[in-house]
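Participant: Below you will find the structure I want to go over with you.
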Amino acid sequence: MVDLDKIISLCKRRGFLFQVSDQYGGLQGTYDYGPLGVELKNNVKRAWWRRMVYERDDMEGLDCAILMNRLVLKYSGHEETFSDPMVDCKKCKKRFRSDQVDLEEKCAEGGKHELTEPRPFNLMFKTIVGPVQDENNIAYLRPETAQGIFINFKNVLDSTNRKLPFGIAQIGKAYRNEITPKNFIFRVREFEQMEIEFFVKPGTDEECHRRWVEDRYNWYISLGIRPENLRKYEQKPEELAHYAKATVDLLYRFFPDRADENKQFDEVEGIANRTDFDLICHSKGGKLVLKDGRVIPNEHAVNRLTYFDHETNQHIFPYVIEPSGGVDRITLAFMMDAYHEEEVKGETRVILKLSPELAPIKVAVLPLKKNHDGIVTTAKAIKNTLQKNCGWRSVYDDTAGIGKLYRRQDEIGTHFCLTVDFQSLEDKAVTVRERDTMEQVRVGIADLPSYLRERLGNIG
Ligand code: GAP
């Protein structure tokens, strides 16, 4: 199993990810996705949307604004509770999460850190909306995409005439001012989430929760994650968020180099049973009930976020099952799981064994000779046809010898390398090399779309 450092090195070397603003010394906890990274991340999001929305008949999509009325985050409980306990070192002035501070770490000023008592630190990024810089114009960059779904529940219901059970899916940016962003894109301050709020009749929630845990687990496995690297973890009552009746986390083996096996795993996605908590707290006449027992009545909402149940002739608050994953963490998990090294003729061959659906590049077209007009024109034409007509991200590369070009494509996960040689000009065929087996076959240029489609599958 690969450790994070090798993935970080591959990502930098091949342009999957760059440090944000590195021209000016960077900005901690933020990353830019480079040419290969954006392809991979888009493929992860597309694979999620395809399975979660298109391949089911009980889902709608949504794309909410990042800025919302501040009251959304007041009545969701984020203003009161979205915080981590934090301690400061009185000597070196460094800040740590109190549950993560390493008491053995040496203080920069010498000796051990001298820590303050833990204090809550709200993780939301504040901003001002409009030209007047005062308290009344404060807004937050959303810390999760979920709240936009809850407050649009009635809009979606009324405009689609959906019946329970149904879900709303959203992919989008979220922002958290993490005290200690770390471990590459595992914990960052700007990230993307893929969230579903699935609305069900009360009483059917527990069974539905179980089904979603299985569906989400199977999604990872179907895209290539090895079962031994993915675990289900049922949160203990004292670990549950204030809104949850039950939560199962999917944990991925992000840290294989840790000695304690349990510590090798960390959350890639959470699947929570949020009951009717959110629809009630955002409803006219509703209330937010905090874990410490405090009750905040909703004095601002204009609608009741209810559903009319024709079977009982009653307005009810549906229960909500929420599968919530982070795109960046999921992308990292797929990369880690796909990374393989093997010895070939005394050299280390790195292969990213990504599934066809996820691989950033599906086909590379390589000319055997880069200054031969016939070969170059044929190779470029094949690349353009496959990319434009078949929709497969393809590249043309003539910047090295064929062996080196194969290695370059292997380590970014490209499934097929097509080599155009002198014979291609005669027999109108190319050599097709498959990534994992390195097997080579001769395929007619006209047959390439059907030959490759059969092997790549339906990845459109
Ligand atoms: N709506 C529920 C919710 O937001 P969460 O457990 O706070 O729940 C869901 O976040 C997922 O978002 C996590 O499982 C993780 O994959 C991702 N995530 C959360 N904080 C993150 C961070 N700082 N950096 C990267 N991903 C993060």
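Letters for chains follow the order of the structure tokens (A, B, ...), residue numbers begin at 1 for each chain, and ligand numbers begin at 1 in the order shown.
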Using only C-alpha atoms and all ligand atoms, which protein or nucleic acid residues are at most 10 Å from ligand 1, as an mmCIF file with N, CA, C and O atoms, in the first residue's frame?

Facilitator:
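The resulting file, part.cif, is shown below:
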data_model
loop_
_atom_site.group_PDB
_atom_site.id
_atom_site.type_symbol
_atom_site.label_atom_id
_atom_site.label_comp_id
_atom_site.auth_asym_id
_atom_site.auth_seq_id
_atom_site.Cartn_x
_atom_site.Cartn_y
_atom_site.Cartn_z
ATOM 1 N N GLY A 29 -3.443 25.158 3.257
ATOM 2 C CA GLY A 29 -4.748 24.482 3.276
ATOM 3 C C GLY A 29 -5.565 24.655 2.021
ATOM 4 O O GLY A 29 -6.779 24.447 2.034
ATOM 5 N N THR A 30 -4.924 25.040 0.918
ATOM 6 C CA THR A 30 -5.658 25.192 -0.343
ATOM 7 C C THR A 30 -4.791 24.645 -1.484
ATOM 8 O O THR A 30 -3.570 24.788 -1.465
ATOM 9 N N PHE A 82 -20.638 25.210 15.210
ATOM 10 C CA PHE A 82 -19.672 24.696 14.225
ATOM 11 C C PHE A 82 -18.258 25.130 14.597
ATOM 12 O O PHE A 82 -17.649 26.005 13.998
ATOM 13 N N LEU A 123 -15.444 27.618 12.740
ATOM 14 C CA LEU A 123 -14.707 27.278 11.520
ATOM 15 C C LEU A 123 -15.231 27.983 10.275
ATOM 16 O O LEU A 123 -14.705 27.785 9.187
ATOM 17 N N PRO A 143 -20.296 26.235 4.902
ATOM 18 C CA PRO A 143 -19.383 25.204 5.408
ATOM 19 C C PRO A 143 -19.775 23.808 4.960
ATOM 20 O O PRO A 143 -19.065 22.836 5.236
ATOM 21 N N GLU A 144 -20.936 23.674 4.317
ATOM 22 C CA GLU A 144 -21.378 22.393 3.762
ATOM 23 C C GLU A 144 -22.437 22.721 2.715
ATOM 24 O O GLU A 144 -23.047 23.795 2.756
ATOM 25 N N THR A 145 -22.660 21.810 1.780
ATOM 26 C CA THR A 145 -23.667 22.097 0.743
ATOM 27 C C THR A 145 -25.069 21.736 1.228
ATOM 28 O O THR A 145 -26.065 22.134 0.642
ATOM 29 N N ALA A 146 -25.140 20.978 2.323
ATOM 30 C CA ALA A 146 -26.411 20.412 2.787
ATOM 31 C C ALA A 146 -27.493 21.455 3.055
ATOM 32 O O ALA A 146 -28.657 21.267 2.695
ATOM 33 N N GLN A 147 -27.103 22.572 3.698
ATOM 34 C CA GLN A 147 -28.135 23.529 4.127
ATOM 35 C C GLN A 147 -28.899 24.116 2.948
ATOM 36 O O GLN A 147 -30.098 24.395 3.035
ATOM 37 N N ALA A 174 -17.232 23.919 -0.468
ATOM 38 C CA ALA A 174 -17.517 24.240 0.928
ATOM 39 C C ALA A 174 -16.225 24.792 1.537
ATOM 40 O O ALA A 174 -15.132 24.497 1.042
ATOM 41 N N TYR A 175 -16.388 25.600 2.572
ATOM 42 C CA TYR A 175 -15.227 26.294 3.152
ATOM 43 C C TYR A 175 -15.214 26.123 4.666
ATOM 44 O O TYR A 175 -16.239 26.344 5.315
ATOM 45 N N ARG A 176 -14.073 25.740 5.185
ATOM 46 C CA ARG A 176 -13.931 25.634 6.643
ATOM 47 C C ARG A 176 -12.554 26.147 7.035
ATOM 48 O O ARG A 176 -11.545 25.696 6.474
ATOM 49 N N ASN A 177 -12.546 27.030 8.001
ATOM 50 C CA ASN A 177 -11.268 27.599 8.438
ATOM 51 C C ASN A 177 -10.596 26.626 9.411
ATOM 52 O O ASN A 177 -10.501 26.898 10.607
ATOM 53 N N GLU A 178 -10.180 25.485 8.879
ATOM 54 C CA GLU A 178 -9.588 24.423 9.701
ATOM 55 C C GLU A 178 -8.388 24.972 10.472
ATOM 56 O O GLU A 178 -7.563 25.690 9.914
ATOM 57 N N ILE A 179 -8.292 24.592 11.750
ATOM 58 C CA ILE A 179 -7.173 25.087 12.565
ATOM 59 C C ILE A 179 -5.860 24.504 12.050
ATOM 60 O O ILE A 179 -4.856 25.197 11.929
ATOM 61 N N THR A 180 -5.895 23.222 11.767
ATOM 62 C CA THR A 180 -4.664 22.588 11.268
ATOM 63 C C THR A 180 -4.948 21.818 9.973
ATOM 64 O O THR A 180 -5.124 20.597 10.020
ATOM 65 N N PRO A 181 -4.996 22.539 8.827
ATOM 66 C CA PRO A 181 -5.135 21.801 7.571
ATOM 67 C C PRO A 181 -3.892 20.939 7.391
ATOM 68 O O PRO A 181 -2.781 21.397 7.676
ATOM 69 N N LYS A 182 -4.076 19.683 6.976
ATOM 70 C CA LYS A 182 -2.869 18.850 6.829
ATOM 71 C C LYS A 182 -3.163 17.608 6.008
ATOM 72 O O LYS A 182 -4.309 17.352 5.643
ATOM 73 N N ASN A 183 -2.100 16.869 5.768
ATOM 74 C CA ASN A 183 -2.184 15.639 4.984
ATOM 75 C C ASN A 183 -2.700 15.905 3.578
ATOM 76 O O ASN A 183 -3.669 15.281 3.131
ATOM 77 N N PHE A 184 -2.053 16.881 2.924
ATOM 78 C CA PHE A 184 -2.311 17.149 1.509
ATOM 79 C C PHE A 184 -3.781 17.544 1.344
ATOM 80 O O PHE A 184 -4.249 18.400 2.076
ATOM 81 N N ILE A 185 -4.533 16.890 0.422
ATOM 82 C CA ILE A 185 -5.923 17.326 0.238
ATOM 83 C C ILE A 185 -6.896 16.591 1.167
ATOM 84 O O ILE A 185 -8.102 16.671 0.987
ATOM 85 N N PHE A 186 -6.357 15.917 2.180
ATOM 86 C CA PHE A 186 -7.251 15.237 3.128
ATOM 87 C C PHE A 186 -8.008 16.278 3.962
ATOM 88 O O PHE A 186 -9.217 16.169 4.166
ATOM 89 N N ARG A 187 -7.287 17.251 4.500
ATOM 90 C CA ARG A 187 -7.959 18.296 5.297
ATOM 91 C C ARG A 187 -7.525 19.652 4.773
ATOM 92 O O ARG A 187 -6.389 20.063 4.959
ATOM 93 N N VAL A 188 -8.438 20.310 4.074
ATOM 94 C CA VAL A 188 -8.127 21.605 3.470
ATOM 95 C C VAL A 188 -9.172 22.634 3.882
ATOM 96 O O VAL A 188 -10.174 22.288 4.504
ATOM 97 N N ARG A 189 -8.921 23.890 3.516
ATOM 98 C CA ARG A 189 -9.869 24.936 3.933
ATOM 99 C C ARG A 189 -10.920 25.214 2.864
ATOM 100 O O ARG A 189 -11.977 25.741 3.159
ATOM 101 N N GLU A 190 -10.575 24.912 1.622
ATOM 102 C CA GLU A 190 -11.562 25.013 0.542
ATOM 103 C C GLU A 190 -11.633 23.635 -0.108
ATOM 104 O O GLU A 190 -10.612 23.101 -0.528
ATOM 105 N N PHE A 191 -12.817 23.056 -0.147
ATOM 106 C CA PHE A 191 -12.950 21.712 -0.714
ATOM 107 C C PHE A 191 -14.319 21.584 -1.362
ATOM 108 O O PHE A 191 -15.118 22.522 -1.346
ATOM 109 N N GLU A 192 -14.541 20.423 -1.954
ATOM 110 C CA GLU A 192 -15.845 20.192 -2.572
ATOM 111 C C GLU A 192 -16.527 19.037 -1.884
ATOM 112 O O GLU A 192 -15.858 18.084 -1.458
ATOM 113 N N GLN A 193 -17.842 19.126 -1.818
ATOM 114 C CA GLN A 193 -18.612 18.019 -1.255
ATOM 115 C C GLN A 193 -19.554 17.443 -2.299
ATOM 116 O O GLN A 193 -19.985 18.152 -3.216
ATOM 117 N N MET A 194 -19.886 16.179 -2.136
ATOM 118 C CA MET A 194 -20.953 15.556 -2.922
ATOM 119 C C MET A 194 -21.943 15.067 -1.873
ATOM 120 O O MET A 194 -21.615 14.155 -1.093
ATOM 121 N N GLU A 195 -23.096 15.725 -1.830
ATOM 122 C CA GLU A 195 -24.039 15.399 -0.761
ATOM 123 C C GLU A 195 -25.409 15.056 -1.326
ATOM 124 O O GLU A 195 -25.859 15.631 -2.317
ATOM 125 N N ILE A 196 -26.064 14.131 -0.628
ATOM 126 C CA ILE A 196 -27.447 13.776 -0.948
ATOM 127 C C ILE A 196 -28.261 13.958 0.326
ATOM 128 O O ILE A 196 -27.823 13.539 1.409
ATOM 129 N N GLU A 197 -29.403 14.616 0.192
ATOM 130 C CA GLU A 197 -30.371 14.598 1.288
ATOM 131 C C GLU A 197 -31.531 13.769 0.760
ATOM 132 O O GLU A 197 -32.162 14.135 -0.235
ATOM 133 N N ALA A 241 -23.180 13.983 15.835
ATOM 134 C CA ALA A 241 -23.422 15.425 15.735
ATOM 135 C C ALA A 241 -24.806 15.727 16.311
ATOM 136 O O ALA A 241 -25.643 14.821 16.432
ATOM 137 N N TYR A 243 -27.374 16.888 15.176
ATOM 138 C CA TYR A 243 -28.538 16.634 14.328
ATOM 139 C C TYR A 243 -28.775 15.155 14.046
ATOM 140 O O TYR A 243 -29.768 14.795 13.420
ATOM 141 N N ALA A 244 -27.875 14.277 14.458
ATOM 142 C CA ALA A 244 -27.930 12.899 13.962
ATOM 143 C C ALA A 244 -28.452 11.905 14.993
ATOM 144 O O ALA A 244 -28.097 11.946 16.172
ATOM 145 N N THR A 247 -25.046 7.599 12.687
ATOM 146 C CA THR A 247 -24.147 7.905 11.561
ATOM 147 C C THR A 247 -23.187 6.744 11.358
ATOM 148 O O THR A 247 -22.607 6.234 12.318
ATOM 149 N N ASP A 249 -19.763 6.028 9.304
ATOM 150 C CA ASP A 249 -18.702 6.629 8.484
ATOM 151 C C ASP A 249 -18.060 5.553 7.627
ATOM 152 O O ASP A 249 -17.886 4.412 8.073
ATOM 153 N N LEU A 250 -17.721 5.920 6.401
ATOM 154 C CA LEU A 250 -16.876 5.049 5.588
ATOM 155 C C LEU A 250 -15.458 5.542 5.781
ATOM 156 O O LEU A 250 -15.170 6.736 5.589
ATOM 157 N N LEU A 251 -14.603 4.646 6.219
ATOM 158 C CA LEU A 251 -13.213 5.012 6.521
ATOM 159 C C LEU A 251 -12.300 4.393 5.475
ATOM 160 O O LEU A 251 -12.421 3.204 5.175
ATOM 161 N N ASP A 266 -9.281 6.692 8.121
ATOM 162 C CA ASP A 266 -9.965 7.944 8.489
ATOM 163 C C ASP A 266 -11.125 8.177 7.525
ATOM 164 O O ASP A 266 -11.182 7.601 6.445
ATOM 165 N N GLU A 267 -11.995 9.099 7.940
ATOM 166 C CA GLU A 267 -13.282 9.276 7.241
ATOM 167 C C GLU A 267 -13.131 9.778 5.811
ATOM 168 O O GLU A 267 -12.448 10.757 5.549
ATOM 169 N N VAL A 268 -13.795 9.082 4.895
ATOM 170 C CA VAL A 268 -13.877 9.582 3.529
ATOM 171 C C VAL A 268 -15.299 10.078 3.264
ATOM 172 O O VAL A 268 -15.518 10.971 2.451
ATOM 173 N N GLU A 269 -16.262 9.519 3.986
ATOM 174 C CA GLU A 269 -17.670 9.892 3.794
ATOM 175 C C GLU A 269 -18.456 9.534 5.045
ATOM 176 O O GLU A 269 -18.134 8.556 5.728
ATOM 177 N N GLY A 270 -19.493 10.316 5.335
ATOM 178 C CA GLY A 270 -20.375 9.987 6.457
ATOM 179 C C GLY A 270 -21.794 9.807 5.937
ATOM 180 O O GLY A 270 -22.223 10.520 5.030
ATOM 181 N N ILE A 271 -22.508 8.838 6.502
ATOM 182 C CA ILE A 271 -23.907 8.636 6.099
ATOM 183 C C ILE A 271 -24.747 8.752 7.367
ATOM 184 O O ILE A 271 -24.697 7.880 8.236
ATOM 185 N N ALA A 272 -25.472 9.870 7.474
ATOM 186 C CA ALA A 272 -26.163 10.180 8.723
ATOM 187 C C ALA A 272 -27.672 10.042 8.580
ATOM 188 O O ALA A 272 -28.227 10.305 7.512
ATOM 189 N N ARG A 274 -30.481 12.057 9.805
ATOM 190 C CA ARG A 274 -30.645 13.383 10.419
ATOM 191 C C ARG A 274 -32.065 13.600 10.921
ATOM 192 O O ARG A 274 -32.400 14.713 11.327
ATOM 193 N N GLU A 322 -28.578 11.256 4.961
ATOM 194 C CA GLU A 322 -27.595 12.096 4.274
ATOM 195 C C GLU A 322 -26.261 11.384 4.025
ATOM 196 O O GLU A 322 -25.422 11.285 4.927
ATOM 197 N N PRO A 323 -26.017 10.904 2.808
ATOM 198 C CA PRO A 323 -24.661 10.481 2.453
ATOM 199 C C PRO A 323 -23.853 11.716 2.039
ATOM 200 O O PRO A 323 -24.242 12.435 1.123
ATOM 201 N N SER A 324 -22.753 11.962 2.734
ATOM 202 C CA SER A 324 -21.988 13.192 2.499
ATOM 203 C C SER A 324 -20.497 12.881 2.377
ATOM 204 O O SER A 324 -19.855 12.469 3.350
ATOM 205 N N GLY A 325 -19.965 13.071 1.182
ATOM 206 C CA GLY A 325 -18.541 12.782 0.967
ATOM 207 C C GLY A 325 -17.810 14.012 0.449
ATOM 208 O O GLY A 325 -18.410 14.912 -0.140
ATOM 209 N N GLY A 326 -16.498 14.032 0.653
ATOM 210 C CA GLY A 326 -15.677 15.128 0.149
ATOM 211 C C GLY A 326 -14.990 14.707 -1.140
ATOM 212 O O GLY A 326 -14.335 13.657 -1.174
ATOM 213 N N VAL A 327 -15.159 15.500 -2.176
ATOM 214 C CA VAL A 327 -14.600 15.129 -3.490
ATOM 215 C C VAL A 327 -13.084 14.975 -3.411
ATOM 216 O O VAL A 327 -12.495 14.049 -3.983
ATOM 217 N N ASP A 328 -12.445 15.881 -2.686
ATOM 218 C CA ASP A 328 -10.976 15.875 -2.637
ATOM 219 C C ASP A 328 -10.468 14.613 -1.932
ATOM 220 O O ASP A 328 -9.550 13.940 -2.402
ATOM 221 N N ARG A 329 -11.112 14.294 -0.791
ATOM 222 C CA ARG A 329 -10.710 13.076 -0.062
ATOM 223 C C ARG A 329 -10.982 11.830 -0.888
ATOM 224 O O ARG A 329 -10.192 10.883 -0.885
ATOM 225 N N ILE A 330 -12.111 11.830 -1.580
ATOM 226 C CA ILE A 330 -12.462 10.651 -2.381
ATOM 227 C C ILE A 330 -11.469 10.503 -3.537
ATOM 228 O O ILE A 330 -10.994 9.403 -3.843
ATOM 229 N N THR A 331 -11.115 11.623 -4.158
ATOM 230 C CA THR A 331 -10.138 11.599 -5.255
ATOM 231 C C THR A 331 -8.801 11.058 -4.740
ATOM 232 O O THR A 331 -8.154 10.225 -5.391
#

Participant: Please build the interface table for range 268-354 of chain A against range 62-77 of chain A with a cut-off of 7 Å, listing for each qualifying residue the nearest atom pair and the distance in Å to one decimal; count only C-alpha atoms, order rows by chain and increasing number, and write it as a Markdown table.

Facilitator:
| residue | atom | partner | partner_atom | distance |
| --- | --- | --- | --- | --- |
| A:Asp278 | CA | A:Ser76 | CA | 6.8 |
| A:Cys281 | CA | A:Tyr75 | CA | 6.0 |
| A:His282 | CA | A:Tyr75 | CA | 6.2 |
| A:Leu288 | CA | A:Tyr75 | CA | 6.1 |
| A:Asn298 | CA | A:Tyr75 | CA | 6.8 |

Participant: With distances taken over only C-alpha atoms, which residue among A:Thr116, A:Ser21, A:Asn161, A:Gln314 lies nearest Phe96 in chain A?

Facilitator: A:Thr116

Participant: Please give the complete set of residues from range 23-157 of chain A that DSSP, run on the backbone, assigns to strand (DSSP E or B), formatted as a VMD selection string.

Facilitator: chain A and resid 31 to 33 59 to 62 67 83 to 89 95 to 97 106 112 115 119 to 122 126 to 128 138 to 141

Participant: Convert the current residue selection to file output with C-alpha atoms, as a CSV table (one decimal), in the first residue's frame.

Facilitator:
chain,number,residue,atom,x,y,z
A,31,TYR,CA,-4.7,23.5,-3.6
A,32,ASP,CA,-5.2,24.1,-7.3
A,33,TYR,CA,-6.0,21.1,-9.5
A,59,MET,CA,-33.3,11.7,-7.4
A,60,GLU,CA,-33.2,15.4,-8.4
A,61,GLY,CA,-30.2,17.6,-8.7
A,62,LEU,CA,-29.5,21.1,-7.3
A,67,LEU,CA,-23.4,32.7,-0.2
A,83,SER,CA,-16.4,24.9,16.1
A,84,ASP,CA,-13.4,22.9,17.2
A,85,PRO,CA,-11.9,23.2,20.7
A,86,MET,CA,-8.6,25.0,20.3
A,87,VAL,CA,-5.6,25.7,22.5
A,88,ASP,CA,-2.8,28.2,22.1
A,89,CYS,CA,0.8,27.9,23.2
A,95,ARG,CA,-2.5,27.2,17.7
A,96,PHE,CA,-3.6,23.6,17.8
A,97,ARG,CA,-6.8,21.6,17.9
A,106,LYS,CA,9.0,20.5,21.2
A,112,LYS,CA,7.3,21.8,26.0
A,115,LEU,CA,-1.1,25.4,26.5
A,119,ARG,CA,-11.7,27.4,23.6
A,120,PRO,CA,-14.2,27.0,20.8
A,121,PHE,CA,-13.1,28.3,17.4
A,122,ASN,CA,-15.8,28.8,14.8
A,126,LYS,CA,-17.0,35.4,7.4
A,127,THR,CA,-17.5,37.9,4.6
A,128,ILE,CA,-19.4,41.1,4.0
A,138,ILE,CA,-22.2,39.6,7.5
A,139,ALA,CA,-22.5,36.4,5.5
A,140,TYR,CA,-20.5,33.1,5.5
A,141,LEU,CA,-19.0,31.0,2.8

Participant: Which one is closest to Glu434 in chain A: A:Gly167, A:Gly25, A:Pro297, A:Gly413? Count only C-alpha atoms.

Facilitator: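 Residue with the minimum atom-to-atom distance to Glu434 in chain A: A:Gly413.
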
Participant: Just the residues within 9 Å of Ser283 in chain A, please, counting only C-alpha atoms, with nothing from its chain fewer than 2 positions along; format it as a list in words.

Facilitator: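 The residues that qualify are Ile151, Asp278, Leu279, Ile280, Cys281, Gly285, Gly286, Lys287, Asn298, His300, Ala301, Val302, Asn303, Arg304, Leu305 and Thr306 of chain A.
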
Participant: With C-alpha atoms retained, export the selected residues as a compact mmCIF listing (two decimals), in the first residue's frame.

Facilitator:
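Wrote result.txt, looks like this:
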# COMPACT_ATOMS: atom_id res chain seq x y z
CA ILE A 151 -34.02 25.24 2.53
CA ASP A 278 -33.24 20.18 9.67
CA LEU A 279 -36.66 20.63 8.12
CA ILE A 280 -38.06 21.56 11.54
CA CYS A 281 -35.30 23.98 12.47
CA GLY A 285 -42.73 28.08 13.91
CA GLY A 286 -39.96 25.48 14.11
CA LYS A 287 -37.06 25.35 16.52
CA ASN A 298 -37.30 30.07 14.46
CA HIS A 300 -37.74 34.34 10.61
CA ALA A 301 -38.62 31.47 8.24
CA VAL A 302 -41.57 32.13 5.92
CA ASN A 303 -42.66 28.53 5.13
CA ARG A 304 -43.15 25.23 6.87
CA LEU A 305 -40.95 22.66 5.14
CA THR A 306 -43.53 19.89 5.25

Participant: List the neighbours of Asp427 in chain A out to 12 Å using only C-alpha atoms; skip same-chain residues closer than 2 positions along the sequence, and give me the result as a ChimeraX atom specification.

Facilitator: /A:420-425,429-431,442-446

Participant: Can you list, as a ChimeraX atom specification, every residue of range 142-316 of chain A that DSSP puts in alpha helix (DSSP H)?

Facilitator: /A:146-151,153-160,205-222,277-281

Participant: When you count only C-alpha atoms, which of these residues is closest to Glu357 in chain A: A:Arg253, A:Lys383, A:Lys163, A:His415?

Facilitator: A:His415

Participant: A:Thr399, A:Thr378, A:Asn313, A:Thr348: which is nearest Leu418 in chain A, counting only C-alpha atoms?

Facilitator: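 Among the listed residues, the smallest separation from Leu418 in chain A belongs to A:Thr378.
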
Participant: Find the residues around Leu164 in chain A up to 8 Å (only C-alpha atoms counted), leave out those fewer than 5 positions away in its own chain, and share them as JSON, numbers by chain.

Facilitator: {"A": [199, 200, 201]}

Participant: Excluding Met1 in chain A and residues on its chain fewer than 2 positions from it, collect all residues at most 9 Å away from it, counting only C-alpha atoms, and give them as an MDAnalysis selection string.

Facilitator: chainID A and resid 3 256:257 336:337 339:340

Participant: Against range 225-234 of chain A, which residues of range 261-369 of chain A fall within 8 Å? For each one I want the closest pair of atoms and the distance in Å (one decimal), counting only C-alpha atoms, rows by chain and increasing residue number, as a tab-separated table.

Facilitator:
residue	atom	partner	partner_atom	distance
A:Phe265	CA	A:Arg231	CA	7.9
A:Ala333	CA	A:Ile225	CA	7.9
A:Phe334	CA	A:Ile225	CA	6.6
A:Asp337	CA	A:Ile225	CA	5.9
A:Ala338	CA	A:Ile225	CA	7.8

Participant: Save the residues we just selected, N, CA and C atoms, as a short mmCIF file (atom, residue, chain, number, x, y, z; two decimals), in the first residue's frame?

Facilitator:
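Below you can see again04.cif, which holds the result:
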data_model
loop_
_atom_site.label_atom_id
_atom_site.label_comp_id
_atom_site.auth_asym_id
_atom_site.auth_seq_id
_atom_site.Cartn_x
_atom_site.Cartn_y
_atom_site.Cartn_z
N PHE A 265 -6.93 4.27 9.31
CA PHE A 265 -8.19 4.58 8.62
C PHE A 265 -8.74 5.92 9.08
N ALA A 333 -8.37 9.05 -2.20
CA ALA A 333 -8.52 7.62 -1.92
C ALA A 333 -8.39 6.82 -3.22
N PHE A 334 -9.01 7.28 -4.28
CA PHE A 334 -8.91 6.55 -5.55
C PHE A 334 -7.46 6.52 -6.05
N ASP A 337 -5.43 4.05 -3.86
CA ASP A 337 -5.75 2.65 -4.10
C ASP A 337 -5.25 2.17 -5.45
N ALA A 338 -5.15 3.11 -6.40
CA ALA A 338 -4.77 2.73 -7.77
C ALA A 338 -3.25 2.63 -7.93
#

Participant: Could you tell me how far CA of Ala47 in chain A sits from CA of Asn218 in chain A, in Å to one decimal place?

Facilitator: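 CA of Ala47 in chain A lies at a distance of 12.8 Å from CA of Asn218 in chain A.
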
Participant: Go ahead and compute the interatomic distance for CA of Val20 in chain A and CA of Leu332 in chain A, in Å to one decimal.

Facilitator: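 Separating CA of Val20 in chain A from CA of Leu332 in chain A is a distance of 17.3 Å.
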